[in-house]
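Down below is the structure, laid out as C-alpha cells.
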Amino acid sequence: MEITLELIVFIVLALFIGVSAILAVTTKRILRAATYLLFVLFGTAGIYFQLNYSFLGAVQLLIYAGGITVLYVFSILLTSSEGDKAPDLKGYKLVMGLLATLVGLGVCLWVTLGHDFAPEHFEHGELAVRTIGHALMSSDKFGYVLPFEVISLLLLACIVGGIMIARKR
Amino acid sequence: MIHMEYYLIISTIMMFVGIYGFVTRRNLLAMLISVELILNSVDINFVVFNRFLFPGQLEGFFFTLFAIGISAAETAVAIAIIINIYRNIRNIEVRNLRKMKW
C-alpha cells in the first residue's frame with residue numbers, strides 16, 4: 001500500500017485523536033481533561049471532513065467544540081476549587097479497570113476485524129447541502145421531518161428541565 | 001485509499017478509552033467527559049458505515065446529526081444536575097453522593 005497524502009492526513013488525525021483521548025481520561029486536572037476532550041472533538045471533525053461530510057464536520061465544530069466544551073469549562077470553573085487534583089488510583093482499581101478495558105477492546109477489535117463486510121466503495125465528492133435539506137424536510141420514505149420535529153420538542157424539554165433543576169430555591 | 005477498518009479501529013479505541021475513564025474516574029464531570037468520548041466514537045462508526053457501505057443513502061449521516069443534537073441536550077441536563085448537587089453537598093465526587101440513593 002503506497003503512502004498517499006490521504007493516508008498521511010488520516011494517520012496524523014488518528015494519532016491526534018488517540019493520544020488526546022488517552023490524556024483526557026488519565027490527566028489529573030479536570031480542566032486539562034476538558035481541553036483534551038476539545039482536541040478529540042476537533043480530530044473527529046477532521047475525520048468527518050476527510051470523509052467528505054463537510055456539513056457534519058461543521059455541525060460537530062459548532063455544537064460540540066463550540067457549545068458543549070464551553071458548558072464544560074464553565075461548570076468546571078463553578079464546581080472545582082483551585083489546585084483540585086484527582087487522587088491517585090489504588091492499584092486494585094487501576095488493574096481491574098485496565099483489565100476490563102483491554103479485554104473489551106481485544107474482543108471488539110477481534111470481532112470487527114474478523115467480520116467480512118460488504119464490499120466497500122468510497123465515492124469522492126461532496127454531499128450537497130441541498131440533498132441534506134430536502135431529506136431533512138421531506139415526509140417521504142427517506143425523509144426525516146418527524147425526528148426533526150421530535151428533537152425540537154426534546155430541546156424545549158431540556159431547556160425547561162435545565163432551568164427547573166438548576167434554579168435557586 | 002484508506003480502508004474502512006482503520007476508522008473502525010480508531011473509534012473502537014476511543015470507545016474503550018471512554019469506558020476506562022468512566023469506570024476509573026471519581027469526579028462526576030470527568031465521568032461525563034468519558035461519556036462524551038463514547039458517544040463520539042459511535043458517531044464516527046455511523047458515518048463510516050454510511051460512507052463506505054451505503055454511499056447512496058443518508059441514514060448514518062442523519063443518525064449522527066441527531067445524535068449530536070441529543071448529546072448536547074443530555075450534557076446540558078447532566079450539568080444542571082451536577083451543579084445542583086454541588087449546591088447541596090459542596091462536592092461532586094461520587095463517593096459523597098450517598099444521599100441520592102434513597
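By order in the C-alpha cells, chains are A, B, ...; within a chain, residues start at 1; ligands start at 1, following the order shown.
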
Check: Near Pro87 (chain A), within 10 Å and counting only C-alpha atoms, which residues show up once chain neighbours fewer than 3 positions away are dropped, as JSON, numbers by chain?
Finding: {"A": [28, 29, 84, 90], "B": [25, 26]}

Next item on the list: Would you give me, as a PyMOL selection string, the residues of chain B that come within 6 Å of chain A, using only C-alpha atoms?
Entry: chain B and resi 16+20-21+52-53+77+80+84

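Counting only C-alpha atoms, the residue from B:Leu37, B:Ile44, B:Ala30, B:Ala67 that sits nearest to Ser11 (chain B) is B:Ile44.
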
Checklist line | Between CA of Asn40 (chain B) and CA of His115 (chain A), distance in Å (one decimal) | finding: 22.6 Å

Notebook entry, point to check: How would you write, as a PyMOL selection string, the set of residues in chain B that DSSP gives as helix (DSSP H, G or I)?
Noted result: chain B and resi 4-24+28-53+59-89+94-96+98-101

Note to self: Under the rule that only C-alpha atoms are counted, which of B:Ile70, B:Ile92, B:Met4, B:Ile82 is the nearest residue to Leu39 (chain B)?
What the structure shows: B:Ile70

Next item on the list: Figure out the distance between CA of Thr24 (chain B) and CA of Arg95 (chain B), please, to one decimal in Å.
Entry: 12.4 Å

Note to self: Let me make sure I understand: among B:Met1, B:Leu58, B:Leu28, B:Leu65, which one has the smallest atom-to-atom distance to Tyr86 (chain B) if we use only C-alpha atoms?
What the structure shows: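 Once distances to Tyr86 (chain B) are computed over only C-alpha atoms, the minimum belongs to B:Leu28.
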
Note to self: Just want the 8 Å neighbourhood of Val47 (chain B), counted on only C-alpha atoms, with same-chain residues fewer than 3 positions away dropped. Output as number ranges by chain.
What the structure shows: A: 48; B: 43-44, 50-51, 60-61, 64

Based on the selection just made, write C-alpha atoms of those residues as a PDB file, in the first residue's frame.
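Contents of the output file result_26.pdb:
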ATOM      1  CA  TYR A  48     -15.793  13.966   9.009  1.00  0.00           C
TER       2      TYR A  48
ATOM      3  CA  ASP B  43     -20.937   8.821  15.756  1.00  0.00           C
ATOM      4  CA  ILE B  44     -17.759   8.027  13.828  1.00  0.00           C
ATOM      5  CA  ASN B  50     -22.750   5.181   5.762  1.00  0.00           C
ATOM      6  CA  ARG B  51     -19.840   6.408   3.668  1.00  0.00           C
ATOM      7  CA  GLY B  60     -25.932   7.128   9.088  1.00  0.00           C
ATOM      8  CA  PHE B  61     -25.474  10.782   8.338  1.00  0.00           C
ATOM      9  CA  THR B  64     -25.074  11.234  13.590  1.00  0.00           C
TER      10      THR B  64
END
